[in-house]
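Below is one structure, written out as structure tokens; the observations come after it.
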Amino acid sequence: MTETLIKLKEIHKSYPLDGFDLEILKGIDLEIKAGEFVAIMGPSGSGKSTLMNILGCLDTPTSGQYILDGQNVENLDADALAEIRNRKIGFVFQGFNLLSRTSALENVELPMVYSGLDDRTRRKKAIKALTDVGLKERMHHQPNQLSGGQQQRVAIARAIVNEAPIIFADEPTGNLDTKMSVEIMELFTHLNKDLKRTIILVTHEEDIALYADRIIKIVDGEIYSDKLNTKRAGK
């Protein structure tokens with residue numbers, strides 16, 4: 001039986017605004033098992049990005065319980081959350097977030113600087129990650145010498161280089177054309193099916209969500225629907 005990797009129970013998130021609390025998440029209950037590919041959808045302002053930030057240990061809930069890989073994380077301090085992110089989570093964002101005057105190889109090495117690995121080991125692991133995403137021949141190029149799709153591949157290599165079991169992808173195809181979007185989503189499918197990474201994807205695009213095994217829709221801070229995807233793209 002596949003283990004539960006993520007469990008949320010009665011997660012609320014609110015922010016103070018003009019003398020009252022604006023509630024963004026309203027009692028989210030959610031379980032995600034190891035090895036799943038999950039898409040989270042919802043209109044602007046629905047709370048999907050807030051949910052992603054809590055799942056990714058970038059933010060903490062106002063109340064509720066969050067168990068990540070068997071550990072309660074909802075009340076951890078910033079240093080403890082950073083340690084969890086470094087060991088368990090890789091992030092891919094819409095804007096790539098690459099250092100502009102740094103090679104693809106050096107960009108991918110960056111997360112390992114904080115892991116205390118020696119230079120030789122960092123270089124070896126970064127080369128492997130770039131090879132896994134099909135960029136071995138471009139590893140010495142800087143971001144401005146790469147296409148948008150190639151830059152996103154570098155970002156994905158950076159997310160997987162520490163062998164984190166969970167990849168969070170926030171609108172990863174938002175800056176890409178249709179052809180590049182398909183290539184990136186096929187790469188996520190490879191990471192999920194062949195490399196056994198758990199993928200949690202935030203998107204507002206139905207065709208992108210269809211690559212996932214399961215689609216969760218958030219409306220007004222609550223889970224509106226949570227269904228298995230019977231029309232998976234790229235099968």
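Chain labels run A, B, ... following the order of the structure tokens; each chain numbers its residues from 1, and ligands are numbered from 1 in the order shown.
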* To do: Write out as a PyMOL selection string each polymer residue whose atoms come within 9 Å of Arg101 in chain A, counting only C-alpha atoms; drop sequence neighbours fewer than 4 positions from it.
  => chain A and resi 142-144
Put those residues in a file: all heavy atoms, as a short mmCIF file (atom, residue, chain, number, x, y, z; two decimals), in the first residue's frame.
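Saved file result_22.cif follows:
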```cif
data_model
loop_
_atom_site.label_atom_id
_atom_site.label_comp_id
_atom_site.auth_asym_id
_atom_site.auth_seq_id
_atom_site.Cartn_x
_atom_site.Cartn_y
_atom_site.Cartn_z
N GLN A 142 24.90 30.24 -20.45
CA GLN A 142 24.18 31.08 -19.51
C GLN A 142 22.71 31.18 -19.92
O GLN A 142 22.37 30.88 -21.07
CB GLN A 142 24.82 32.46 -19.46
CG GLN A 142 26.22 32.46 -18.88
CD GLN A 142 26.81 33.85 -18.74
OE1 GLN A 142 26.18 34.85 -19.07
NE2 GLN A 142 28.04 33.92 -18.23
N PRO A 143 21.82 31.57 -19.01
CA PRO A 143 20.39 31.60 -19.34
C PRO A 143 20.05 32.39 -20.60
O PRO A 143 19.17 31.98 -21.37
CB PRO A 143 19.78 32.25 -18.09
CG PRO A 143 20.67 31.81 -16.98
CD PRO A 143 22.05 31.83 -17.56
N ASN A 144 20.74 33.51 -20.86
CA ASN A 144 20.41 34.30 -22.05
C ASN A 144 20.84 33.63 -23.35
O ASN A 144 20.54 34.12 -24.44
CB ASN A 144 20.99 35.71 -21.96
CG ASN A 144 22.50 35.74 -21.93
OD1 ASN A 144 23.16 34.71 -21.99
ND2 ASN A 144 23.06 36.93 -21.83
#
```
Can I get the residues of range 68-168 of chain A within 10 Å of range 16-40 of chain A, each with the closest pair of atoms and their distance in Å to one decimal, using only C-alpha atoms, sorted chain first then ascending number, as CSV?
```
residue,atom,partner,partner_atom,distance
A:Leu68,CA,A:Ile32,CA,9.8
A:Asp69,CA,A:Ala34,CA,8.9
A:Pro165,CA,A:Ala34,CA,8.2
A:Ile166,CA,A:Ala34,CA,8.4
A:Ile167,CA,A:Phe37,CA,9.6
A:Phe168,CA,A:Val38,CA,9.8
```
Using N, CA and C atoms, can you export the residues from the last selection as a short mmCIF file (atom, residue, chain, number, x, y, z; two decimals), in the first residue's frame?
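Result went into part19.cif, see below:
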```
data_model
loop_
_atom_site.label_atom_id
_atom_site.label_comp_id
_atom_site.auth_asym_id
_atom_site.auth_seq_id
_atom_site.Cartn_x
_atom_site.Cartn_y
_atom_site.Cartn_z
N LEU A 68 4.05 16.12 6.99
CA LEU A 68 4.83 15.91 5.78
C LEU A 68 5.81 14.76 6.03
N ASP A 69 5.60 13.67 5.32
CA ASP A 69 6.47 12.50 5.44
C ASP A 69 6.61 12.07 6.91
N PRO A 165 12.25 14.08 -2.81
CA PRO A 165 11.16 13.21 -3.27
C PRO A 165 9.94 13.95 -3.81
N ILE A 166 9.84 15.26 -3.51
CA ILE A 166 8.66 16.02 -3.93
C ILE A 166 9.09 17.20 -4.79
N ILE A 167 8.41 17.37 -5.92
CA ILE A 167 8.63 18.53 -6.78
C ILE A 167 7.35 19.36 -6.81
N PHE A 168 7.46 20.62 -6.42
CA PHE A 168 6.35 21.57 -6.53
C PHE A 168 6.60 22.45 -7.75
#
```
* To do: Determine which residues of range 165-206 of chain A receive a DSSP assignment of strand (DSSP E or B), computed from the backbone, and state them as an MDAnalysis selection string.
  => chainID A and resid 166:170 198:202
Sort by chain and increasing residue number a table of all residues of range 40-156 of chain A within 10 Å of range 181-190 of chain A, each with its closest pair of atoms and their distance in Å to one decimal, counting only C-alpha atoms, and write it as a Markdown table.
```
| residue | atom | partner | partner_atom | distance |
| --- | --- | --- | --- | --- |
| A:Asp132 | CA | A:Leu187 | CA | 9.3 |
| A:Val133 | CA | A:Leu187 | CA | 7.1 |
| A:Gly134 | CA | A:Leu187 | CA | 9.3 |
| A:Gly148 | CA | A:Ser181 | CA | 9.8 |
| A:Gly149 | CA | A:Ile184 | CA | 7.1 |
| A:Gln150 | CA | A:Ile184 | CA | 9.1 |
| A:Gln152 | CA | A:Ile184 | CA | 7.6 |
| A:Arg153 | CA | A:Ile184 | CA | 7.3 |
| A:Ile156 | CA | A:Phe188 | CA | 8.7 |
```
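Here CA of Lys48 in chain A and CA of Asn97 in chain A stand 20.4 Å from one another.
Distance check against Lys7 in chain A using only C-alpha atoms: of A:Val73, A:Leu105, A:Ala155, A:Leu58, the minimum falls on A:Val73.
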* Selected residue of minimal separation from Leu210 in chain A among A:Met41, A:Tyr15, A:Arg120, A:Leu191, counting only C-alpha atoms -> A:Met41
* To do: Skip Val219 in chain A itself and residues of its chain fewer than 2 positions away, then list as a PyMOL selection string all residues within 6 Å of it, counting only C-alpha atoms.
  => chain A and resi 42+46+221-222+224
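CA of Val154 in chain A sits 6.8 Å away from CA of Leu130 in chain A.
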* To do: Name the residues in contact with Gly90 in chain A at a cut-off of 12 Å, using only C-alpha atoms, excluding same-chain residues fewer than 3 positions from it; report them as an NGL selection string.
  => :A and (55-58 or 82 or 84-87 or 93 or 108 or 111-112 or 155-170 or 197-201)
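The nearest approach to Met180 in chain A among the residues A:Asp194, A:Ile208, A:Gln65, A:Val202, with only C-alpha atoms taken into account, belongs to A:Ile208.
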Based on the backbone DSSP call, show me all residues of range 99-141 of chain A assigned alpha helix (DSSP H), as an mmCIF file with N, CA, C and O atoms, in the first residue's frame.
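Result went into part08.cif, see below:
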```
data_model
loop_
_atom_site.group_PDB
_atom_site.id
_atom_site.type_symbol
_atom_site.label_atom_id
_atom_site.label_comp_id
_atom_site.auth_asym_id
_atom_site.auth_seq_id
_atom_site.Cartn_x
_atom_site.Cartn_y
_atom_site.Cartn_z
ATOM 1 N N ALA A 104 24.411 27.199 -16.727
ATOM 2 C CA ALA A 104 23.385 26.233 -16.329
ATOM 3 C C ALA A 104 23.925 25.305 -15.251
ATOM 4 O O ALA A 104 23.246 25.015 -14.252
ATOM 5 N N LEU A 105 25.167 24.846 -15.423
ATOM 6 C CA LEU A 105 25.783 23.937 -14.457
ATOM 7 C C LEU A 105 25.886 24.581 -13.078
ATOM 8 O O LEU A 105 25.547 23.966 -12.059
ATOM 9 N N GLU A 106 26.338 25.821 -13.033
ATOM 10 C CA GLU A 106 26.485 26.521 -11.749
ATOM 11 C C GLU A 106 25.132 26.801 -11.106
ATOM 12 O O GLU A 106 24.990 26.749 -9.884
ATOM 13 N N ASN A 107 24.113 27.093 -11.928
ATOM 14 C CA ASN A 107 22.761 27.286 -11.392
ATOM 15 C C ASN A 107 22.258 26.019 -10.705
ATOM 16 O O ASN A 107 21.629 26.088 -9.649
ATOM 17 N N VAL A 108 22.532 24.880 -11.315
ATOM 18 C CA VAL A 108 22.063 23.615 -10.757
ATOM 19 C C VAL A 108 22.853 23.235 -9.508
ATOM 20 O O VAL A 108 22.319 22.625 -8.579
ATOM 21 N N GLU A 109 24.110 23.623 -9.452
ATOM 22 C CA GLU A 109 24.942 23.335 -8.280
ATOM 23 C C GLU A 109 24.508 24.126 -7.044
ATOM 24 O O GLU A 109 24.750 23.705 -5.904
ATOM 25 N N LEU A 110 23.868 25.258 -7.254
ATOM 26 C CA LEU A 110 23.609 26.191 -6.161
ATOM 27 C C LEU A 110 22.916 25.576 -4.937
ATOM 28 O O LEU A 110 23.357 25.806 -3.801
ATOM 29 N N PRO A 111 21.817 24.792 -5.097
ATOM 30 C CA PRO A 111 21.156 24.250 -3.896
ATOM 31 C C PRO A 111 22.067 23.353 -3.058
ATOM 32 O O PRO A 111 21.872 23.231 -1.847
ATOM 33 N N MET A 112 23.067 22.757 -3.703
ATOM 34 C CA MET A 112 23.945 21.833 -2.981
ATOM 35 C C MET A 112 24.997 22.547 -2.152
ATOM 36 O O MET A 112 25.632 21.924 -1.290
ATOM 37 N N VAL A 113 25.194 23.822 -2.403
ATOM 38 C CA VAL A 113 26.134 24.592 -1.587
ATOM 39 C C VAL A 113 25.712 24.548 -0.125
ATOM 40 O O VAL A 113 26.537 24.467 0.793
ATOM 41 N N ASP A 119 33.063 20.197 -3.747
ATOM 42 C CA ASP A 119 32.946 20.707 -5.118
ATOM 43 C C ASP A 119 32.808 19.583 -6.144
ATOM 44 O O ASP A 119 31.996 19.668 -7.076
ATOM 45 N N ARG A 120 33.605 18.538 -5.995
ATOM 46 C CA ARG A 120 33.593 17.443 -6.976
ATOM 47 C C ARG A 120 32.244 16.735 -6.988
ATOM 48 O O ARG A 120 31.701 16.432 -8.055
ATOM 49 N N THR A 121 31.697 16.466 -5.803
ATOM 50 C CA THR A 121 30.400 15.789 -5.718
ATOM 51 C C THR A 121 29.294 16.668 -6.276
ATOM 52 O O THR A 121 28.408 16.185 -6.998
ATOM 53 N N ARG A 122 29.328 17.957 -5.948
ATOM 54 C CA ARG A 122 28.321 18.882 -6.484
ATOM 55 C C ARG A 122 28.347 18.892 -8.008
ATOM 56 O O ARG A 122 27.299 18.848 -8.656
ATOM 57 N N ARG A 123 29.545 18.965 -8.572
ATOM 58 C CA ARG A 123 29.661 19.008 -10.034
ATOM 59 C C ARG A 123 29.129 17.728 -10.669
ATOM 60 O O ARG A 123 28.386 17.770 -11.665
ATOM 61 N N LYS A 124 29.462 16.592 -10.091
ATOM 62 C CA LYS A 124 29.020 15.300 -10.629
ATOM 63 C C LYS A 124 27.496 15.190 -10.605
ATOM 64 O O LYS A 124 26.862 14.768 -11.582
ATOM 65 N N LYS A 125 26.880 15.579 -9.478
ATOM 66 C CA LYS A 125 25.427 15.484 -9.352
ATOM 67 C C LYS A 125 24.729 16.473 -10.282
ATOM 68 O O LYS A 125 23.671 16.170 -10.849
ATOM 69 N N ALA A 126 25.304 17.673 -10.454
ATOM 70 C CA ALA A 126 24.705 18.671 -11.341
ATOM 71 C C ALA A 126 24.751 18.212 -12.800
ATOM 72 O O ALA A 126 23.788 18.398 -13.546
ATOM 73 N N ILE A 127 25.839 17.613 -13.194
ATOM 74 C CA ILE A 127 25.956 17.099 -14.565
ATOM 75 C C ILE A 127 24.915 16.005 -14.800
ATOM 76 O O ILE A 127 24.256 15.966 -15.853
ATOM 77 N N LYS A 128 24.742 15.124 -13.817
ATOM 78 C CA LYS A 128 23.736 14.067 -13.965
ATOM 79 C C LYS A 128 22.332 14.652 -14.087
ATOM 80 O O LYS A 128 21.536 14.208 -14.928
ATOM 81 N N ALA A 129 22.010 15.648 -13.253
ATOM 82 C CA ALA A 129 20.670 16.245 -13.303
ATOM 83 C C ALA A 129 20.420 16.907 -14.653
ATOM 84 O O ALA A 129 19.329 16.777 -15.229
ATOM 85 N N LEU A 130 21.404 17.614 -15.173
ATOM 86 C CA LEU A 130 21.250 18.258 -16.484
ATOM 87 C C LEU A 130 21.152 17.215 -17.590
ATOM 88 O O LEU A 130 20.412 17.398 -18.565
ATOM 89 N N THR A 131 21.860 16.112 -17.447
ATOM 90 C CA THR A 131 21.747 15.022 -18.416
ATOM 91 C C THR A 131 20.353 14.415 -18.374
ATOM 92 O O THR A 131 19.749 14.129 -19.420
ATOM 93 N N ASP A 132 19.798 14.261 -17.163
ATOM 94 C CA ASP A 132 18.451 13.686 -17.003
ATOM 95 C C ASP A 132 17.375 14.546 -17.670
ATOM 96 O O ASP A 132 16.333 14.018 -18.078
#
```
* Pick from A:Ala80, A:Gly45, A:Lys9, A:Leu117 nearest to Tyr66 in chain A, counting only C-alpha atoms -> A:Lys9
* To do: Could you tell me how far CA of Thr203 in chain A lies from CA of His141 in chain A, in Å and to one decimal?
  =>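 Taking CA of Thr203 in chain A as the start and CA of His141 in chain A as the end point, the length is 28.9 Å.
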